[in-house]
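Structure file final_29.csv with CSV, C-alpha atoms:
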```
chain,number,residue,atom,x,y,z
A,17,MET,CA,55.1,-68.4,-67.4
A,18,LEU,CA,55.3,-68.0,-71.2
A,19,GLU,CA,58.3,-66.0,-72.2
A,20,LEU,CA,59.4,-64.6,-75.5
A,21,ASN,CA,62.9,-63.2,-75.7
A,22,HIS,CA,64.1,-61.3,-78.8
A,23,VAL,CA,61.9,-63.3,-81.1
A,24,SER,CA,62.3,-62.4,-84.8
A,25,LYS,CA,60.8,-63.8,-87.9
A,26,ASN,CA,61.6,-63.0,-91.5
A,27,PHE,CA,59.5,-63.8,-94.6
A,28,ASN,CA,61.6,-63.5,-97.7
A,29,GLY,CA,63.5,-60.5,-96.4
A,30,TYR,CA,60.4,-59.0,-94.8
A,31,ARG,CA,60.7,-58.8,-91.0
A,32,ALA,CA,57.4,-59.9,-89.7
A,33,LEU,CA,58.6,-59.9,-86.1
A,34,LYS,CA,61.4,-57.8,-84.8
A,35,GLU,CA,63.1,-58.7,-81.5
A,36,ALA,CA,59.7,-59.2,-79.8
A,37,SER,CA,60.0,-59.8,-76.0
A,38,LEU,CA,57.0,-60.5,-73.9
A,39,THR,CA,56.1,-62.3,-70.7
A,40,LEU,CA,52.8,-63.9,-70.1
A,41,PRO,CA,52.3,-64.9,-66.5
A,42,ARG,CA,49.5,-67.2,-65.4
A,43,GLY,CA,46.0,-65.9,-64.7
A,44,GLU,CA,45.8,-63.0,-67.0
A,45,ILE,CA,43.6,-62.0,-69.9
A,46,ILE,CA,45.8,-60.1,-72.3
A,47,GLY,CA,44.6,-58.3,-75.4
A,48,LEU,CA,47.0,-58.3,-78.4
A,49,PHE,CA,46.3,-55.4,-80.7
A,50,GLY,CA,47.7,-54.1,-83.9
A,51,GLU,CA,46.6,-53.3,-87.5
A,52,ASN,CA,46.4,-56.0,-90.2
A,53,GLY,CA,49.8,-57.4,-90.9
A,54,ALA,CA,51.3,-56.1,-87.7
A,55,GLY,CA,52.5,-59.5,-86.7
A,56,LYS,CA,49.9,-60.7,-84.2
A,57,THR,CA,49.3,-64.0,-86.0
A,58,THR,CA,53.0,-64.5,-86.7
A,59,LEU,CA,53.7,-64.1,-83.0
A,60,MET,CA,51.2,-66.7,-82.0
A,61,LYS,CA,52.4,-69.1,-84.7
A,62,CYS,CA,55.9,-68.7,-83.4
A,63,ILE,CA,54.8,-69.6,-79.9
A,64,LEU,CA,53.1,-72.7,-81.2
A,65,GLY,CA,56.1,-73.7,-83.2
A,66,TYR,CA,54.3,-73.5,-86.6
A,67,LEU,CA,57.0,-71.1,-87.8
A,68,ASN,CA,60.7,-71.1,-87.4
A,69,TYR,CA,62.1,-68.0,-85.7
A,70,THR,CA,65.2,-66.6,-84.1
A,71,GLY,CA,65.2,-65.8,-80.4
A,72,GLN,CA,63.8,-67.8,-77.5
A,73,ILE,CA,60.4,-68.9,-76.5
A,74,THR,CA,60.0,-70.8,-73.2
A,75,LEU,CA,57.2,-72.2,-71.2
A,76,ASP,CA,57.9,-72.4,-67.5
A,77,GLY,CA,61.6,-72.2,-68.4
A,78,HIS,CA,61.6,-74.9,-71.0
A,79,PRO,CA,61.5,-74.7,-74.7
A,80,ILE,CA,58.1,-75.5,-76.2
A,81,THR,CA,58.2,-79.1,-77.6
A,82,HIS,CA,55.8,-82.0,-77.9
A,83,LYS,CA,56.4,-82.7,-74.2
A,84,ASN,CA,54.7,-79.4,-73.0
A,85,ILE,CA,52.7,-78.2,-76.0
A,86,ALA,CA,49.5,-79.5,-74.5
A,87,HIS,CA,49.8,-76.6,-72.0
A,88,ILE,CA,48.9,-74.3,-74.9
A,89,SER,CA,45.7,-74.2,-76.9
A,90,PHE,CA,44.9,-72.2,-80.0
A,91,ALA,CA,41.6,-70.8,-81.4
A,92,THR,CA,41.9,-69.3,-84.9
A,93,SER,CA,39.6,-67.6,-87.3
A,94,GLU,CA,41.0,-70.0,-89.9
A,95,HIS,CA,39.6,-72.9,-87.7
A,96,SER,CA,41.6,-75.9,-86.6
A,97,PHE,CA,38.8,-78.4,-86.2
A,98,PHE,CA,37.9,-81.3,-88.5
A,99,PRO,CA,35.0,-80.2,-90.7
A,100,ASN,CA,33.7,-83.7,-91.3
A,101,LEU,CA,33.6,-84.6,-87.6
A,102,THR,CA,30.8,-84.0,-85.2
A,103,ALA,CA,31.2,-82.1,-81.9
A,104,SER,CA,31.1,-85.4,-79.9
A,105,ALA,CA,33.7,-87.0,-82.1
A,106,HIS,CA,35.9,-83.9,-81.5
A,107,LYS,CA,35.4,-84.4,-77.8
A,108,ALA,CA,36.5,-88.1,-78.1
A,109,PHE,CA,39.6,-87.0,-80.1
A,110,TYR,CA,40.6,-84.3,-77.6
A,111,GLU,CA,40.0,-86.7,-74.6
A,112,LEU,CA,42.3,-89.2,-76.3
A,113,HIS,CA,45.1,-86.7,-77.0
A,114,PHE,CA,44.8,-84.2,-74.1
A,115,PRO,CA,44.7,-85.9,-70.7
A,116,THR,CA,43.6,-82.7,-69.0
A,117,PHE,CA,40.6,-82.2,-71.3
A,118,ARG,CA,37.8,-80.4,-69.5
A,119,GLU,CA,34.7,-82.4,-70.3
A,120,LYS,CA,32.4,-80.6,-68.0
A,121,ARG,CA,33.5,-77.2,-69.5
A,122,PHE,CA,33.0,-78.6,-73.0
A,123,ASN,CA,29.5,-79.9,-72.3
A,124,GLY,CA,28.6,-76.7,-70.4
A,125,LEU,CA,29.7,-74.4,-73.3
A,126,MET,CA,28.1,-76.6,-75.9
A,127,THR,CA,24.8,-76.4,-74.0
A,128,PHE,CA,25.2,-72.6,-73.4
A,129,PHE,CA,25.7,-71.9,-77.1
A,130,GLU,CA,23.1,-74.5,-78.1
A,131,LEU,CA,25.4,-76.2,-80.5
A,132,PRO,CA,24.4,-79.6,-81.9
A,133,THR,CA,26.6,-82.4,-80.8
A,134,HIS,CA,25.8,-84.9,-83.6
A,135,LYS,CA,26.0,-82.7,-86.6
A,136,SER,CA,29.2,-82.4,-88.8
A,137,ILE,CA,30.9,-79.1,-88.0
A,138,LYS,CA,30.9,-78.3,-91.8
A,139,HIS,CA,27.1,-77.8,-91.5
A,140,PHE,CA,27.5,-75.2,-88.8
A,141,SER,CA,27.0,-71.5,-89.5
A,142,VAL,CA,30.2,-69.3,-89.5
A,143,GLY,CA,29.2,-68.0,-86.0
A,144,GLN,CA,28.7,-71.5,-84.7
A,145,LYS,CA,32.0,-72.6,-86.2
A,146,ASN,CA,33.8,-69.8,-84.4
A,147,GLN,CA,32.0,-70.7,-81.1
A,148,PHE,CA,33.0,-74.3,-81.5
A,149,GLU,CA,36.7,-73.4,-82.2
A,150,VAL,CA,36.8,-71.3,-79.0
A,151,ILE,CA,35.0,-74.0,-77.0
A,152,LEU,CA,37.7,-76.5,-78.1
A,153,ALA,CA,40.5,-74.2,-77.1
A,154,LEU,CA,38.9,-73.5,-73.7
A,155,SER,CA,38.2,-77.1,-73.0
A,156,GLN,CA,41.6,-78.6,-74.0
A,157,GLY,CA,42.8,-78.2,-70.5
A,158,ALA,CA,45.6,-75.8,-71.5
A,159,ASP,CA,47.2,-73.1,-69.2
A,160,TYR,CA,47.7,-70.7,-72.1
A,161,ILE,CA,44.9,-70.1,-74.5
A,162,LEU,CA,45.9,-68.3,-77.6
A,163,MET,CA,43.0,-66.8,-79.6
A,164,ASP,CA,43.6,-65.2,-83.0
A,165,GLU,CA,40.6,-63.1,-84.1
A,166,PRO,CA,38.2,-65.9,-82.8
A,167,PHE,CA,35.0,-63.9,-83.2
A,168,ALA,CA,35.3,-62.7,-86.8
A,169,GLY,CA,31.8,-63.3,-88.2
A,170,ASN,CA,29.9,-63.4,-84.9
A,171,ASP,CA,27.3,-60.9,-84.0
A,172,ILE,CA,27.7,-58.5,-81.1
A,173,PHE,CA,25.4,-60.3,-78.7
A,174,ASN,CA,27.2,-63.5,-79.3
A,175,ARG,CA,30.6,-61.9,-78.6
A,176,GLU,CA,29.3,-60.2,-75.5
A,177,ASP,CA,28.1,-63.5,-74.2
A,178,PHE,CA,31.4,-65.1,-74.9
A,179,TYR,CA,33.4,-62.5,-73.0
A,180,LYS,CA,31.2,-62.9,-70.0
A,181,VAL,CA,31.4,-66.7,-70.1
A,182,LEU,CA,35.2,-66.4,-70.5
A,183,LEU,CA,35.4,-64.3,-67.4
A,184,GLY,CA,33.2,-66.6,-65.5
A,185,ILE,CA,34.8,-69.9,-66.3
A,186,LEU,CA,38.5,-69.1,-66.4
A,187,GLU,CA,40.5,-70.4,-63.5
A,188,PRO,CA,43.2,-68.3,-61.8
A,189,THR,CA,46.0,-70.4,-63.5
A,190,GLU,CA,44.6,-69.9,-67.0
A,191,THR,CA,46.0,-67.2,-69.3
A,192,VAL,CA,44.3,-65.9,-72.4
A,193,LEU,CA,46.1,-64.1,-75.2
A,194,LEU,CA,43.4,-62.6,-77.3
A,195,SER,CA,44.2,-61.0,-80.6
A,196,THR,CA,41.4,-58.8,-81.9
A,197,HIS,CA,40.5,-55.5,-83.6
A,198,LEU,CA,37.5,-55.1,-81.3
A,199,LEU,CA,39.2,-52.8,-78.9
A,200,GLU,CA,36.1,-51.2,-77.3
A,201,GLU,CA,34.4,-54.5,-76.8
A,202,VAL,CA,37.2,-56.3,-75.0
A,203,GLU,CA,38.4,-53.3,-72.9
A,204,LYS,CA,36.1,-54.4,-70.0
A,205,PHE,CA,37.3,-58.0,-70.1
A,206,ILE,CA,41.1,-57.8,-70.4
A,207,GLY,CA,43.6,-57.0,-67.7
A,208,ARG,CA,46.5,-56.0,-69.9
A,209,ALA,CA,47.0,-54.7,-73.4
A,210,VAL,CA,49.9,-55.4,-75.7
A,211,LEU,CA,50.3,-53.4,-78.9
A,212,ILE,CA,52.3,-54.6,-81.9
A,213,ARG,CA,53.2,-52.5,-84.9
A,214,LYS,CA,55.2,-53.6,-87.9
A,215,GLY,CA,56.5,-56.6,-86.0
A,216,GLU,CA,57.5,-54.7,-82.9
A,217,ILE,CA,56.0,-54.6,-79.5
A,218,VAL,CA,55.3,-50.9,-79.1
A,219,GLY,CA,53.1,-50.9,-76.1
A,220,ASP,CA,52.4,-53.0,-73.0
A,221,THR,CA,50.3,-51.8,-70.2
A,222,THR,CA,47.7,-52.9,-67.7
A,223,VAL,CA,44.1,-51.7,-67.8
A,224,GLU,CA,44.6,-50.6,-64.2
A,225,LYS,CA,47.4,-48.3,-65.2
A,226,LEU,CA,45.2,-46.9,-68.0
A,227,ALA,CA,42.4,-46.2,-65.6
A,228,ASP,CA,44.8,-44.5,-63.2
A,229,SER,CA,46.0,-42.2,-65.9
A,230,GLY,CA,42.4,-41.5,-67.0
A,231,LYS,CA,42.9,-43.0,-70.5
A,232,THR,CA,40.8,-45.5,-72.4
A,233,LEU,CA,42.2,-48.4,-74.4
A,234,ILE,CA,41.4,-46.5,-77.6
A,235,ASP,CA,43.4,-43.4,-76.3
A,236,PHE,CA,46.3,-45.7,-75.5
A,237,VAL,CA,46.3,-47.3,-78.9
A,238,LYS,CA,46.0,-44.0,-80.7
A,239,GLU,CA,48.8,-42.5,-78.7
A,240,THR,CA,51.1,-45.4,-79.2
A,241,TYR,CA,50.3,-45.5,-82.9
A,242,HIS,CA,50.8,-41.7,-83.2
A,243,TYR,CA,47.3,-41.6,-84.7
A,244,LYS,CA,46.7,-38.2,-86.4
A,245,SER,CA,43.1,-37.3,-85.7
A,246,ASP,CA,43.0,-34.6,-88.4
A,247,ARG,CA,44.1,-37.1,-91.0
A,248,VAL,CA,40.6,-37.7,-92.4
A,249,ILE,CA,39.8,-34.0,-92.5
A,250,GLN,CA,43.1,-33.3,-94.3
A,251,ALA,CA,42.5,-36.0,-96.8
A,252,LEU,CA,39.0,-34.8,-97.5
A,253,SER,CA,40.0,-31.3,-98.0
A,254,ASN,CA,42.8,-32.3,-100.3
A,255,LEU,CA,40.3,-34.3,-102.3
A,256,THR,CA,37.9,-31.4,-102.4
A,257,ASP,CA,40.6,-29.1,-103.6
A,258,GLU,CA,41.3,-31.4,-106.5
A,259,ARG,CA,37.8,-30.8,-107.7
B,28,MET,CA,43.9,-106.7,-80.2
B,29,ILE,CA,41.6,-105.0,-82.6
B,30,VAL,CA,43.2,-102.4,-84.9
B,31,LYS,CA,40.9,-99.5,-85.6
B,32,ILE,CA,41.6,-98.2,-89.1
B,33,GLU,CA,40.3,-94.8,-88.2
B,34,ASN,CA,43.3,-94.3,-85.9
B,35,TYR,CA,45.6,-94.8,-88.9
B,36,VAL,CA,44.1,-92.4,-91.3
B,37,PRO,CA,43.4,-88.6,-91.2
B,38,VAL,CA,40.6,-87.7,-88.8
B,39,GLY,CA,37.3,-87.6,-90.5
B,40,ILE,CA,38.5,-88.8,-94.0
B,41,ASP,CA,36.4,-91.2,-95.9
B,42,TYR,CA,38.8,-94.1,-95.5
B,43,GLU,CA,36.4,-96.8,-96.6
B,44,GLN,CA,36.2,-95.2,-100.0
B,45,GLU,CA,40.0,-95.1,-100.2
B,46,ILE,CA,40.3,-98.7,-99.2
B,47,LYS,CA,37.7,-99.7,-101.8
B,48,TRP,CA,39.7,-98.0,-104.5
B,49,ILE,CA,43.0,-99.6,-103.3
B,50,CYS,CA,41.3,-103.0,-103.4
B,51,ILE,CA,40.0,-102.3,-106.9
B,52,GLY,CA,43.6,-101.3,-107.9
B,53,LEU,CA,45.0,-104.5,-106.5
B,54,ILE,CA,42.3,-106.7,-108.1
B,55,MET,CA,42.8,-105.0,-111.5
B,56,SER,CA,46.6,-105.5,-111.2
B,57,THR,CA,46.1,-109.2,-110.4
B,58,LEU,CA,43.8,-109.6,-113.3
B,59,TYR,CA,46.2,-107.9,-115.6
B,60,SER,CA,49.0,-110.2,-114.3
B,61,PHE,CA,47.0,-113.2,-115.6
B,62,GLY,CA,48.1,-112.1,-119.0
B,63,PHE,CA,51.4,-113.9,-118.1
B,64,LEU,CA,49.5,-117.2,-118.2
B,65,PHE,CA,48.3,-116.5,-121.8
B,66,SER,CA,51.8,-115.5,-122.8
B,67,LEU,CA,53.2,-118.7,-121.3
B,68,SER,CA,50.5,-120.8,-123.0
B,69,ARG,CA,51.3,-119.2,-126.4
B,70,GLU,CA,55.1,-119.7,-125.9
B,71,TYR,CA,54.5,-123.3,-124.7
B,72,SER,CA,52.5,-124.1,-127.8
B,73,ALA,CA,55.3,-122.7,-130.0
B,74,LEU,CA,57.7,-125.3,-128.5
B,75,PHE,CA,55.7,-128.0,-130.4
B,76,THR,CA,54.9,-128.9,-133.9
B,77,GLY,CA,52.2,-131.2,-135.0
B,78,ASN,CA,48.6,-130.9,-134.0
B,79,ALA,CA,47.0,-130.6,-130.5
B,80,PHE,CA,46.4,-134.4,-130.3
B,81,ASN,CA,49.9,-135.3,-131.3
B,82,PRO,CA,52.3,-132.6,-130.3
B,83,VAL,CA,56.0,-133.1,-131.1
B,84,LEU,CA,58.7,-131.1,-129.3
B,85,ARG,CA,60.6,-129.0,-131.8
B,86,LYS,CA,64.4,-129.7,-132.1
B,87,ASP,CA,66.4,-126.9,-130.3
B,88,ALA,CA,63.2,-125.3,-129.0
B,89,ILE,CA,63.9,-123.0,-126.1
B,90,MET,CA,61.3,-121.3,-123.9
B,91,PRO,CA,61.9,-117.6,-123.5
B,92,ASP,CA,63.2,-116.5,-120.1
B,93,PHE,CA,60.8,-116.1,-117.3
B,94,VAL,CA,61.7,-112.4,-116.8
B,95,GLU,CA,61.0,-111.9,-120.5
B,96,LEU,CA,57.5,-113.5,-120.3
B,97,PHE,CA,56.6,-111.9,-117.0
B,98,GLY,CA,57.7,-108.6,-118.5
B,99,HIS,CA,55.2,-105.9,-117.9
B,100,TYR,CA,52.5,-108.0,-116.2
B,101,TRP,CA,53.5,-106.7,-112.8
B,102,ILE,CA,53.2,-103.0,-113.8
B,103,GLY,CA,49.7,-102.7,-112.2
B,104,PHE,CA,51.3,-103.2,-108.8
B,105,LEU,CA,53.8,-100.6,-109.5
B,106,ILE,CA,51.0,-98.2,-110.5
B,107,VAL,CA,49.3,-99.0,-107.2
B,108,VAL,CA,52.5,-98.1,-105.3
B,109,LEU,CA,52.8,-94.8,-107.3
B,110,CYS,CA,49.2,-94.0,-106.5
B,111,MET,CA,50.0,-94.5,-102.8
B,112,ILE,CA,52.5,-91.6,-103.1
B,113,ALA,CA,49.6,-89.5,-104.4
B,114,LEU,CA,47.4,-90.8,-101.5
B,115,PHE,CA,50.0,-89.7,-99.0
B,116,VAL,CA,50.0,-86.2,-100.5
B,117,HIS,CA,46.2,-86.2,-100.4
B,118,HIS,CA,46.3,-87.2,-96.7
B,119,TYR,CA,48.6,-84.3,-95.9
B,120,THR,CA,46.7,-81.7,-97.9
B,121,TYR,CA,43.4,-82.9,-96.4
B,122,HIS,CA,44.5,-81.0,-93.2
B,123,TYR,CA,44.2,-77.8,-95.2
B,124,GLN,CA,40.8,-78.4,-96.7
B,125,ASN,CA,37.9,-76.3,-95.4
B,126,SER,CA,39.8,-75.6,-92.2
B,127,LYS,CA,43.4,-75.7,-90.9
B,128,SER,CA,43.2,-78.9,-88.9
B,129,ILE,CA,46.9,-79.1,-89.5
B,130,TYR,CA,47.2,-76.6,-86.7
B,131,LEU,CA,45.6,-79.1,-84.3
B,132,MET,CA,47.6,-82.0,-85.6
B,133,ARG,CA,50.9,-80.2,-85.3
B,134,ARG,CA,50.3,-79.4,-81.7
B,135,LEU,CA,49.3,-82.8,-80.5
B,136,PRO,CA,51.5,-84.2,-77.6
B,137,LYS,CA,52.0,-87.4,-79.7
B,138,ARG,CA,54.7,-86.2,-82.0
B,139,TRP,CA,54.2,-88.7,-84.8
B,140,GLU,CA,50.5,-88.7,-84.9
B,141,LEU,CA,50.2,-86.5,-88.0
B,142,LEU,CA,52.9,-88.6,-89.9
B,143,LYS,CA,51.3,-91.8,-88.7
B,144,ARG,CA,47.9,-90.8,-90.0
B,145,CYS,CA,49.2,-89.6,-93.4
B,146,VAL,CA,51.6,-92.5,-94.1
B,147,ALA,CA,50.0,-95.6,-92.6
B,148,LEU,CA,47.5,-96.5,-95.2
B,149,PRO,CA,49.7,-95.7,-98.2
B,150,LEU,CA,52.6,-97.5,-96.7
B,151,PHE,CA,50.5,-100.6,-95.8
B,152,SER,CA,48.9,-100.6,-99.3
B,153,SER,CA,52.3,-100.3,-101.0
B,154,ALA,CA,53.6,-103.2,-98.9
B,155,ALA,CA,50.5,-105.3,-99.7
B,156,SER,CA,50.9,-104.5,-103.4
B,157,MET,CA,54.5,-105.5,-103.5
B,158,LEU,CA,53.8,-108.6,-101.5
B,159,ILE,CA,51.0,-109.7,-103.8
B,160,ALA,CA,53.3,-109.0,-106.8
B,161,LEU,CA,56.1,-111.1,-105.2
B,162,LEU,CA,53.7,-114.0,-104.4
B,163,LEU,CA,52.2,-114.0,-107.9
B,164,MET,CA,55.7,-113.9,-109.4
B,165,LEU,CA,56.7,-117.0,-107.3
B,166,VAL,CA,53.5,-118.8,-108.3
B,167,TYR,CA,54.0,-117.9,-112.0
B,168,PHE,CA,57.6,-119.0,-111.8
B,169,GLY,CA,56.6,-122.3,-110.3
B,170,ILE,CA,54.1,-122.8,-113.1
B,171,TYR,CA,56.7,-121.7,-115.7
B,172,LEU,CA,59.2,-124.3,-114.3
B,173,SER,CA,56.6,-127.1,-114.1
B,174,VAL,CA,55.2,-126.7,-117.6
B,175,THR,CA,58.4,-126.0,-119.4
B,176,PRO,CA,60.1,-129.2,-120.7
B,177,GLU,CA,63.5,-129.5,-119.1
B,178,THR,CA,65.3,-129.5,-122.4
B,179,CYS,CA,63.7,-126.2,-123.4
B,180,LEU,CA,64.6,-124.4,-120.2
B,181,ALA,CA,67.3,-121.7,-120.6
B,182,PRO,CA,69.9,-121.9,-117.8
B,183,ASP,CA,70.2,-119.5,-114.8
B,184,GLN,CA,66.5,-118.5,-114.5
B,185,TRP,CA,66.9,-117.5,-110.8
B,186,GLN,CA,69.9,-115.3,-111.5
B,187,LYS,CA,68.1,-113.6,-114.3
B,188,ILE,CA,65.2,-112.8,-112.1
B,189,TRP,CA,67.5,-111.5,-109.4
B,190,HIS,CA,69.4,-109.3,-111.8
B,191,PHE,CA,66.2,-108.0,-113.5
B,192,TYR,CA,64.4,-107.0,-110.3
```

Could you show the structure in this file as structure tokens?
Amino acid sequence: MLELNHVSKNFNGYRALKEASLTLPRGEIIGLFGENGAGKTTLMKCILGYLNYTGQITLDGHPITHKNIAHISFATSEHSFFPNLTASAHKAFYELHFPTFREKRFNGLMTFFELPTHKSIKHFSVGQKNQFEVILALSQGADYILMDEPFAGNDIFNREDFYKVLLGILEPTETVLLSTHLLEEVEKFIGRAVLIRKGEIVGDTTVEKLADSGKTLIDFVKETYHYKSDRVIQALSNLTDER
Amino acid sequence: MIVKIENYVPVGIDYEQEIKWICIGLIMSTLYSFGFLFSLSREYSALFTGNAFNPVLRKDAIMPDFVELFGHYWIGFLIVVLCMIALFVHHYTYHYQNSKSIYLMRRLPKRWELLKRCVALPLFSSAASMLIALLLMLVYFGIYLSVTPETCLAPDQWQKIWHFY
């Protein structure tokens, strides 16, 4: 279980995370939603230890260090692969450093997305780079897979394929924390939705609960964010008045 | 045991090119240090009067100290060492170029992998540079002692070297 207890992060006086507490059990696909700058990436970077923070983050009761970091993988829209290396060279590197690397899954996903294995990643298209980034995260052999806007730049068919593959290949012990703006797309694939706003966790619910209450994910987000539906009409009428 | 260089440099970097430039730097430094031999030859000639076929040692002639003659001829090796600091910075910033591979390197189970890959080549090259400089200095000092007439040798050469470096 991955646990965050009262995690806060300041950037030059700006509180990017405020007392965030969250529990991620094994075997869930969790959507992490929030507007730009809400703190989604900061939250993930704190989990991975890239940023200093106050509070506590534990993995199965232990602080996250080099001893247990291999249990967490990360796919980011910024990409964390080596652009000069081929896919097969990445595979060799991962096999060397991550003893639980899933070779079969890697090969299967490479074949499914028809990615070349002997071409430098820098020569891939943006979509292919995103796919490769996610393939690496899924194949590392981690129990917790963090994905930060992994599909930015991929077309809808591509993304749909990926969600389906994700559902098909994940084992019951694997947890995915998926940060994205594509609410409607992922609604069918996630089991739980966590909402973050101005560094605070403002909502945490399961899709089951939403279904029981007859709400969609969009409704939940709008409700939690206190979205004013007449905002656009009001703004337009104000602008029209100006004229 | 075969040491694979690619395990000691940032992943995917063109290390052969780096090694080529380091070797060029070391060769240039060595060539520059040969200037000492010309200085020594000049100062040696100055100890004598007469012509080349009948040299006569000047009265009270003293050979300049070794440290004075060796002077700046080791500077090339120092420049190589300084360049290695820049190479270390390049190795680290490489992980931010065209992707953020730093994210992967920082979450590897092997804690020192990133540091090892950034530091190994610059450190080894710096050590090699200093070692070559030291060896050349010893060789040059040996030449200096062997060619300088005993009466022209200023005392405490070893101590002067020790104090200077």

If you take all atoms listed in the file and a cut-off of 9 Å, which residues of chain A touch chain B, and what are their nearest atom pairs and distances in Å to one decimal, in chain and number order, as a tab-separated table?
```
residue	atom	partner	partner_atom	distance
A:Leu64	CA	B:Arg134	CA	7.3
A:Gly65	CA	B:Arg134	CA	8.3
A:Tyr66	CA	B:Arg133	CA	7.6
A:Thr81	CA	B:Pro136	CA	8.4
A:His82	CA	B:Pro136	CA	4.8
A:Lys83	CA	B:Pro136	CA	6.1
A:Asn84	CA	B:Pro136	CA	7.4
A:Ile85	CA	B:Arg134	CA	6.3
A:Ala86	CA	B:Pro136	CA	6.0
A:Ile88	CA	B:Arg134	CA	8.6
A:Ser89	CA	B:Arg134	CA	8.4
A:Phe90	CA	B:Leu131	CA	8.2
A:Thr92	CA	B:Lys127	CA	8.9
A:Glu94	CA	B:Ser126	CA	6.2
A:His95	CA	B:Ser126	CA	5.3
A:Ser96	CA	B:Ser128	CA	4.1
A:Phe97	CA	B:Ser128	CA	5.2
A:Phe98	CA	B:Ser128	CA	5.8
A:Pro99	CA	B:Asn125	CA	6.8
A:Asn100	CA	B:Gly39	CA	5.4
A:Leu101	CA	B:Gly39	CA	5.6
A:Phe109	CA	B:Val38	CA	8.8
A:His113	CA	B:Leu135	CA	6.7
A:Phe114	CA	B:Pro136	CA	7.6
A:Lys138	CA	B:Asn125	CA	8.1
```

**Report entry** Within-9 Å shell of (65.6, -125.2, -127.6) in input frame, only C-alpha atoms, as a list in words
**Finding:** Leu74, Arg85, Lys86, Asp87, Ala88, Ile89, Met90, Thr178, Cys179, Leu180 and Ala181 of chain B

Save out the residues we just selected, C-alpha atoms, as a PDB file, keeping the file's coordinate frame.
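Now in part.pdb:
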```pdb
ATOM      1  CA  LEU B  74      57.700-125.300-128.500  1.00  0.00           C
ATOM      2  CA  ARG B  85      60.600-129.000-131.800  1.00  0.00           C
ATOM      3  CA  LYS B  86      64.400-129.700-132.100  1.00  0.00           C
ATOM      4  CA  ASP B  87      66.400-126.900-130.300  1.00  0.00           C
ATOM      5  CA  ALA B  88      63.200-125.300-129.000  1.00  0.00           C
ATOM      6  CA  ILE B  89      63.900-123.000-126.100  1.00  0.00           C
ATOM      7  CA  MET B  90      61.300-121.300-123.900  1.00  0.00           C
ATOM      8  CA  THR B 178      65.300-129.500-122.400  1.00  0.00           C
ATOM      9  CA  CYS B 179      63.700-126.200-123.400  1.00  0.00           C
ATOM     10  CA  LEU B 180      64.600-124.400-120.200  1.00  0.00           C
ATOM     11  CA  ALA B 181      67.300-121.700-120.600  1.00  0.00           C
TER      12      ALA B 181
END
```

Requested in this report: Find the residues near segment 169-172 of chain A: any atom within 7 Å, counting only C-alpha atoms, skip ones fewer than 3 places away on the same chain, and give them as a list in words.
Outcome: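 Skipping anything fewer than 3 positions along the chain leaves Val142, Gly143, Arg175 and Glu176 of chain A.
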
Go ahead and dump the residues you just picked, C-alpha atoms, as a compact mmCIF listing (two decimals), keeping the file's coordinate frame.
```
# COMPACT_ATOMS: atom_id res chain seq x y z
CA VAL A 142 30.20 -69.30 -89.50
CA GLY A 143 29.20 -68.00 -86.00
CA ARG A 175 30.60 -61.90 -78.60
CA GLU A 176 29.30 -60.20 -75.50
```

Query raised in the report: Excluding same-chain residues fewer than 6 positions from Ile112 of chain B, what lies within 10 Å of it counting all atoms listed in the file, as a list in words?
Result: His118, Val146, Pro149, Leu150 and Ser153 of chain B

Those residues you just picked out, can you put them in a file as a PDB file, keeping the file's coordinate frame with C-alpha atoms?
```pdb
ATOM      1  CA  HIS B 118      46.300 -87.200 -96.700  1.00  0.00           C
ATOM      2  CA  VAL B 146      51.600 -92.500 -94.100  1.00  0.00           C
ATOM      3  CA  PRO B 149      49.700 -95.700 -98.200  1.00  0.00           C
ATOM      4  CA  LEU B 150      52.600 -97.500 -96.700  1.00  0.00           C
ATOM      5  CA  SER B 153      52.300-100.300-101.000  1.00  0.00           C
TER       6      SER B 153
END
```

Query raised in the report: In Å to one decimal, how far is atom CA of Pro182 of chain B from atom CA of Asp92 of chain B?
Result: 8.9 Å

Report task. Up to 12 Å from (38.4, -56.5, -74.7) in the file's coordinates: name the residues, counting all atoms listed in the file, as number ranges by chain. Result -> A: 45-49, 165, 167, 175-176, 178-180, 182-183, 192-210, 223, 232-234

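Atom to atom, atom CA of Phe168 of chain B and atom CA of Tyr71 of chain B stand 13.9 Å apart.
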
**Report entry** Selection near Ile63 of chain A, 10 Å with all atoms listed in the file, sequence-local residues under 2 positions removed, as a PyMOL selection string
**Finding:** chain A and resi 18-20+23+57-61+65-69+72-75+79-80+85+88+162

Output C-alpha atoms of each residue in that selection to a file, as a compact mmCIF listing (two decimals), keeping the file's coordinate frame.
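What follows is the written file result-v7.txt:
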```txt
# COMPACT_ATOMS: atom_id res chain seq x y z
CA LEU A 18 55.30 -68.00 -71.20
CA GLU A 19 58.30 -66.00 -72.20
CA LEU A 20 59.40 -64.60 -75.50
CA VAL A 23 61.90 -63.30 -81.10
CA THR A 57 49.30 -64.00 -86.00
CA THR A 58 53.00 -64.50 -86.70
CA LEU A 59 53.70 -64.10 -83.00
CA MET A 60 51.20 -66.70 -82.00
CA LYS A 61 52.40 -69.10 -84.70
CA GLY A 65 56.10 -73.70 -83.20
CA TYR A 66 54.30 -73.50 -86.60
CA LEU A 67 57.00 -71.10 -87.80
CA ASN A 68 60.70 -71.10 -87.40
CA TYR A 69 62.10 -68.00 -85.70
CA GLN A 72 63.80 -67.80 -77.50
CA ILE A 73 60.40 -68.90 -76.50
CA THR A 74 60.00 -70.80 -73.20
CA LEU A 75 57.20 -72.20 -71.20
CA PRO A 79 61.50 -74.70 -74.70
CA ILE A 80 58.10 -75.50 -76.20
CA ILE A 85 52.70 -78.20 -76.00
CA ILE A 88 48.90 -74.30 -74.90
CA LEU A 162 45.90 -68.30 -77.60
```
